[in-house]
Every structure is written in C-alpha cells, then in structure tokens.
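Asks: Starting off with a structure, shown below.
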Amino acid sequence: MDRHVRTVEDVLRLMDGLFAPEADRWTADGASWWDGFYADRSKPVPFFVSKPDENLVSYLDRGLISPGRALDLGCGPGRNALHLASLGFEVDAVDLSPEAVSWASERAREAGADIRFHCGNAFELAATELGGPYDLIYDSGCFHHLPPHRRVSYLALLDRLLAPGGHLGLTCFASGAMGSELPDAAFYREAGLQGGLAYTPESLRAIFADLTEVELRRMNDEPAGSALFGEPFLWTALLRRPAS
C-alpha cells in the first residue's frame, strides 16, 4: 500500500508520474532526452548559434535592466549567459542536460567568461546551489516545456530567488504560432506535452499576476546574418517584482 503523499512537493511529483516517461522534459529523468537533442552540435537548430536573444539585448540597450546578479534558466549552449557575462553580470546558468552544460562551459572558456554552471533540476537546485537573490532571472524556452502543475514550482522559484525590484525575462511559445493549445487538463489525459505549451498574452499575465509587466511582445524575426537570435513564434516578456 502506497500512502506517501503529505506535502505539496509529493503531490507535484505524483503528477509528474502521470506523464509517459518519454514525454518527460523537466525532471532529472528528462536529462537524457535533452542530451540526445544537444549531442549533434551541427544540427540546423536556430538557437544552437551563439547569438543572444534580440529582446534581451534590447532590454539592456534601453536601460530596462542593468548589470547585477543573473540566473539563466535552461541555459542550453549558454548563448544568453555569455552575453550577460560580457556586460558585467555575475551569472549562474542551469540546465538539466550535461551535454548542454558541457557545450556552454566550452563556449565560456573560449570567451574567457566567468560563469557558474549548474547541471540539474532548477527547482531542486533552488534550495541548494542557487543562492540568490538575483536581479535578473532569464528564461529563453524553458517555461513552455513545463507541465501545468510545475508552474507552481516555477512561481515558488521566483518567490525564493528573484530579488525585490528584480526582473524576470521570458520567451515562450506564442499561441497561434507554435506549441500546443490544448487546455491544461488535456495534457494529463494525453500523458504528454505535444512538444510544448503555447501561451496567450492573457494567460501569461494571469500566471505572473504578482509581477508588474514592463513589456510583452512578439520576438522580432531576425535574419540569418543578424548578430541576434529572433523567431516570431515566441512571446517575449519582461516582468518586474515589486520592490517591497
């Protein structure tokens, strides 16, 4: 007889188990899928190129955010972490995939960038390795790979690690352009996420209602020759935590 549920985290882990193992992209068990994804570095994946997000560059150019302590969630090959470090940020970068962290670490060494890389589940690392508070938490493509119940964990991470007055920078799949538009409950019947969840501006505003919206727009479509990454199937959002 299994009667182990007594905490919120127990409930969340139980709900993790409602998904097919091959659908997992967010727990430690999902790391192997991402390792396979990053194994061939020559694949024509747009975000494999070492270019920072155009919206992140824009925030900095316009003075919407300033150098401080930054956390790059789901850093992948480290392109945004490298840009932040180059501008004087003190950067922690985390990813589930050892392959991604290895690639990002190589890029950092080549660039002479001082970045602290962490391999593992950010929700678990938030209580151990990720010290906070961070002036900026930046997430380029992590949030839309989370099942609905893990938004609880995501918001708890922000509450724990984002400094008062700090910013969350987010890019995620835009409804009508990329990602699944099934209602939340349907993903549990499907036992998978269909490649990631699409969001509307209204849904993002509702989920992050405790943060103040600075900007919410579609990402610019950057041409191949641009020094910046930009794909129009993504929302970009900059949100600020109240100062007190």
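Ordered as shown in the structure tokens, chains take letters A, B, and onward, while each chain numbers its residues from 1 and ligands are numbered from 1 in the order shown.
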Can you pull out every residue within 9 Å of region 52-59 of chain A, counting only C-alpha atoms, but drop anything in the same chain fewer than 4 positions away, and send it as an MDAnalysis selection string?
Replies: chainID A and resid 47 63:66 79:84 138 140 169 171 219:220 222 227:230 236:238
Asks: If you run DSSP over the backbone, which residues in region 3-241 of chain A end up alpha helix (DSSP H)? Put them as number ranges by chain.
Replies: A: 8-16, 31-39, 54-61, 79-86, 98-111, 122-125, 151-161, 184-190, 201-207
Asks: Find the spatial neighbours of Ser153 (chain A), counting only C-alpha atoms, within a cut-off of 10 Å - ignore same-chain residues fewer than 4 positions away - and output them as a list in words.
Replies: Val8, Glu9, Leu12, Ala122, Phe123, Glu124, Leu146, Pro148, His149, Leu157, Leu158 and Asp159 of chain A
Asks: Grab the residues selected above and save them as a PDB file, in the first residue's frame with N, CA, C and O atoms.
Replies:
ATOM      1  N   VAL A   8       3.117  19.405  -0.595  1.00  0.00           N
ATOM      2  CA  VAL A   8       2.850  19.896  -1.955  1.00  0.00           C
ATOM      3  C   VAL A   8       3.820  19.264  -2.942  1.00  0.00           C
ATOM      4  O   VAL A   8       3.431  18.864  -4.049  1.00  0.00           O
ATOM      5  N   GLU A   9       5.091  19.150  -2.556  1.00  0.00           N
ATOM      6  CA  GLU A   9       6.069  18.550  -3.473  1.00  0.00           C
ATOM      7  C   GLU A   9       5.737  17.093  -3.752  1.00  0.00           C
ATOM      8  O   GLU A   9       5.936  16.610  -4.877  1.00  0.00           O
ATOM      9  N   LEU A  12       3.166  17.220  -6.447  1.00  0.00           N
ATOM     10  CA  LEU A  12       3.754  17.587  -7.730  1.00  0.00           C
ATOM     11  C   LEU A  12       4.507  16.412  -8.350  1.00  0.00           C
ATOM     12  O   LEU A  12       4.424  16.171  -9.562  1.00  0.00           O
ATOM     13  N   ALA A 122      16.380  22.792 -11.842  1.00  0.00           N
ATOM     14  CA  ALA A 122      16.458  24.108 -11.206  1.00  0.00           C
ATOM     15  C   ALA A 122      15.580  24.197  -9.970  1.00  0.00           C
ATOM     16  O   ALA A 122      15.926  24.897  -9.003  1.00  0.00           O
ATOM     17  N   PHE A 123      14.451  23.502  -9.966  1.00  0.00           N
ATOM     18  CA  PHE A 123      13.561  23.568  -8.808  1.00  0.00           C
ATOM     19  C   PHE A 123      14.211  22.954  -7.581  1.00  0.00           C
ATOM     20  O   PHE A 123      14.013  23.424  -6.459  1.00  0.00           O
ATOM     21  N   GLU A 124      14.989  21.911  -7.784  1.00  0.00           N
ATOM     22  CA  GLU A 124      15.709  21.296  -6.674  1.00  0.00           C
ATOM     23  C   GLU A 124      16.954  22.103  -6.307  1.00  0.00           C
ATOM     24  O   GLU A 124      17.266  22.281  -5.124  1.00  0.00           O
ATOM     25  N   LEU A 146       7.290  23.017 -19.460  1.00  0.00           N
ATOM     26  CA  LEU A 146       6.825  22.542 -18.155  1.00  0.00           C
ATOM     27  C   LEU A 146       5.363  22.129 -18.229  1.00  0.00           C
ATOM     28  O   LEU A 146       4.549  22.825 -18.848  1.00  0.00           O
ATOM     29  N   PRO A 148       1.548  21.813 -16.659  1.00  0.00           N
ATOM     30  CA  PRO A 148       0.835  22.851 -15.902  1.00  0.00           C
ATOM     31  C   PRO A 148       1.135  22.863 -14.406  1.00  0.00           C
ATOM     32  O   PRO A 148       1.294  23.944 -13.816  1.00  0.00           O
ATOM     33  N   HIS A 149       1.218  21.687 -13.775  1.00  0.00           N
ATOM     34  CA  HIS A 149       1.405  21.681 -12.328  1.00  0.00           C
ATOM     35  C   HIS A 149       2.766  22.215 -11.905  1.00  0.00           C
ATOM     36  O   HIS A 149       2.929  22.683 -10.777  1.00  0.00           O
ATOM     37  N   LEU A 157      10.030  29.176  -7.272  1.00  0.00           N
ATOM     38  CA  LEU A 157      11.431  29.509  -7.546  1.00  0.00           C
ATOM     39  C   LEU A 157      11.598  31.023  -7.654  1.00  0.00           C
ATOM     40  O   LEU A 157      12.538  31.604  -7.086  1.00  0.00           O
ATOM     41  N   LEU A 158      10.690  31.687  -8.369  1.00  0.00           N
ATOM     42  CA  LEU A 158      10.763  33.142  -8.476  1.00  0.00           C
ATOM     43  C   LEU A 158      10.636  33.794  -7.112  1.00  0.00           C
ATOM     44  O   LEU A 158      11.364  34.734  -6.779  1.00  0.00           O
ATOM     45  N   ASP A 159       9.706  33.300  -6.324  1.00  0.00           N
ATOM     46  CA  ASP A 159       9.485  33.874  -4.993  1.00  0.00           C
ATOM     47  C   ASP A 159      10.723  33.723  -4.125  1.00  0.00           C
ATOM     48  O   ASP A 159      11.053  34.613  -3.327  1.00  0.00           O
TER      49      ASP A 159
END
Asks: Would you please give, as a ChimeraX atom specification, all residues of region 28-228 of chain A that DSSP assigns to strand (DSSP E or B) based on the backbone?
Replies: /A:53,69-73,90-95,115-119,134-140,162-174,180,197,199,212-218
Asks: Go through A:Leu193, A:Cys142, A:Lys43, A:Val91 one by one, measure the shortest atom-to-atom distance of each to Gly76 (chain A) using only C-alpha atoms, and give the residue with the smallest value.
Replies: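 Answer, going by the shortest atom-to-atom distance: A:Cys142.
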Asks: Excluding Ala186 (chain A) and residues on its chain fewer than 5 positions from it, collect all residues at most 12 Å away from it, counting only C-alpha atoms, and give them as a list of chain:residue names.
Replies: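 In the requested format, the answer is A:Leu18, A:Phe19, A:Pro147, A:Pro148, A:Ser180, A:Glu181, A:Ala191, A:Gly192, A:Leu193, A:Gln194, A:Leu197.
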Asks: Mind writing the picked residues with N, CA, C and O atoms as a PDB file, in the first residue's frame?
Replies:
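out_0.pdb was written with the following content:
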ATOM      1  N   LEU A  18       2.236  11.072 -13.892  1.00  0.00           N
ATOM      2  CA  LEU A  18       1.077  10.823 -14.760  1.00  0.00           C
ATOM      3  C   LEU A  18       1.441  10.898 -16.234  1.00  0.00           C
ATOM      4  O   LEU A  18       0.646  10.490 -17.091  1.00  0.00           O
ATOM      5  N   PHE A  19       2.629  11.404 -16.527  1.00  0.00           N
ATOM      6  CA  PHE A  19       3.065  11.515 -17.914  1.00  0.00           C
ATOM      7  C   PHE A  19       3.892  10.303 -18.318  1.00  0.00           C
ATOM      8  O   PHE A  19       4.566   9.695 -17.496  1.00  0.00           O
ATOM      9  N   PRO A 147       4.977  21.037 -17.567  1.00  0.00           N
ATOM     10  CA  PRO A 147       3.560  20.700 -17.469  1.00  0.00           C
ATOM     11  C   PRO A 147       2.859  21.707 -16.562  1.00  0.00           C
ATOM     12  O   PRO A 147       3.506  22.403 -15.764  1.00  0.00           O
ATOM     13  N   PRO A 148       1.548  21.813 -16.659  1.00  0.00           N
ATOM     14  CA  PRO A 148       0.835  22.851 -15.902  1.00  0.00           C
ATOM     15  C   PRO A 148       1.135  22.863 -14.406  1.00  0.00           C
ATOM     16  O   PRO A 148       1.294  23.944 -13.816  1.00  0.00           O
ATOM     17  N   SER A 180       1.350  23.600 -28.349  1.00  0.00           N
ATOM     18  CA  SER A 180       0.012  23.040 -28.202  1.00  0.00           C
ATOM     19  C   SER A 180      -0.924  24.003 -27.499  1.00  0.00           C
ATOM     20  O   SER A 180      -0.553  24.638 -26.505  1.00  0.00           O
ATOM     21  N   GLU A 181      -2.161  24.074 -27.998  1.00  0.00           N
ATOM     22  CA  GLU A 181      -3.173  24.953 -27.399  1.00  0.00           C
ATOM     23  C   GLU A 181      -4.238  24.164 -26.646  1.00  0.00           C
ATOM     24  O   GLU A 181      -5.304  24.697 -26.322  1.00  0.00           O
ATOM     25  N   ALA A 191      -1.029  12.372 -21.530  1.00  0.00           N
ATOM     26  CA  ALA A 191       0.213  11.881 -20.915  1.00  0.00           C
ATOM     27  C   ALA A 191       1.456  12.410 -21.625  1.00  0.00           C
ATOM     28  O   ALA A 191       2.510  11.791 -21.631  1.00  0.00           O
ATOM     29  N   GLY A 192       1.314  13.586 -22.259  1.00  0.00           N
ATOM     30  CA  GLY A 192       2.447  14.221 -22.928  1.00  0.00           C
ATOM     31  C   GLY A 192       2.155  15.695 -23.151  1.00  0.00           C
ATOM     32  O   GLY A 192       1.025  16.153 -22.961  1.00  0.00           O
ATOM     33  N   LEU A 193       3.181  16.434 -23.581  1.00  0.00           N
ATOM     34  CA  LEU A 193       3.039  17.883 -23.743  1.00  0.00           C
ATOM     35  C   LEU A 193       2.997  18.321 -25.201  1.00  0.00           C
ATOM     36  O   LEU A 193       2.977  19.524 -25.482  1.00  0.00           O
ATOM     37  N   GLN A 194       3.018  17.373 -26.136  1.00  0.00           N
ATOM     38  CA  GLN A 194       2.908  17.679 -27.559  1.00  0.00           C
ATOM     39  C   GLN A 194       3.948  18.708 -28.011  1.00  0.00           C
ATOM     40  O   GLN A 194       3.666  19.597 -28.800  1.00  0.00           O
ATOM     41  N   LEU A 197       3.945  23.902 -24.601  1.00  0.00           N
ATOM     42  CA  LEU A 197       2.664  24.591 -24.419  1.00  0.00           C
ATOM     43  C   LEU A 197       2.712  25.993 -25.023  1.00  0.00           C
ATOM     44  O   LEU A 197       3.677  26.737 -24.817  1.00  0.00           O
TER      45      LEU A 197
END
Asks: As a PyMOL selection string, please: the residues near Ala93 (chain A) (cut-off 12 Å, only C-alpha atoms, same-chain neighbours under 5 positions excluded).
Replies: chain A and resi 69-85+100-102+104-105+108+114-122+125-126+129-131+134+136-140
Asks: Return the single residue from A:Leu234, A:Leu211, A:Leu96, A:Ala224 that is closest to Ser175 (chain A), with distances computed using only C-alpha atoms.
Replies: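 Smallest separation from Ser175 (chain A) among the options: A:Leu234.
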Asks: CA of Phe89 (chain A) and CA of Gly166 (chain A), how far apart in Å?
Replies: 13.4 Å
Asks: Compile the contact shell of Cys172 (chain A) as a list in words: residues with an atom at most 6 Å away, counting only C-alpha atoms, same-chain residues fewer than 2 positions apart removed.
Replies: Gly141, His144, Leu234 and Trp235 of chain A
Asks: Between CA of Trp26 (chain A) and CA of Leu170 (chain A), what distance in Å does the model show, to one decimal?
Replies: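 Taking CA of Trp26 (chain A) as the start and CA of Leu170 (chain A) as the end point, the length is 16.9 Å.
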Asks: As an exercise, work out the distance from CA of Leu239 (chain A) to CA of Leu216 (chain A) in Å and give it to one decimal place.
Replies: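 Atom-to-atom, CA of Leu239 (chain A) and CA of Leu216 (chain A) are spaced 8.4 Å apart.
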Asks: Determine the nearest neighbour of Asp95 (chain A) from the options A:Tyr188, A:Phe48, A:Tyr154, A:Trp34, counting only C-alpha atoms.
Replies: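 For Asp95 (chain A), the nearest of the candidates is A:Trp34.
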Asks: Which residue, A:Arg189, A:Arg160, A:Arg150, A:Arg107, has the smallest gap to Ala127 (chain A) when you use only C-alpha atoms?
Replies: A:Arg160
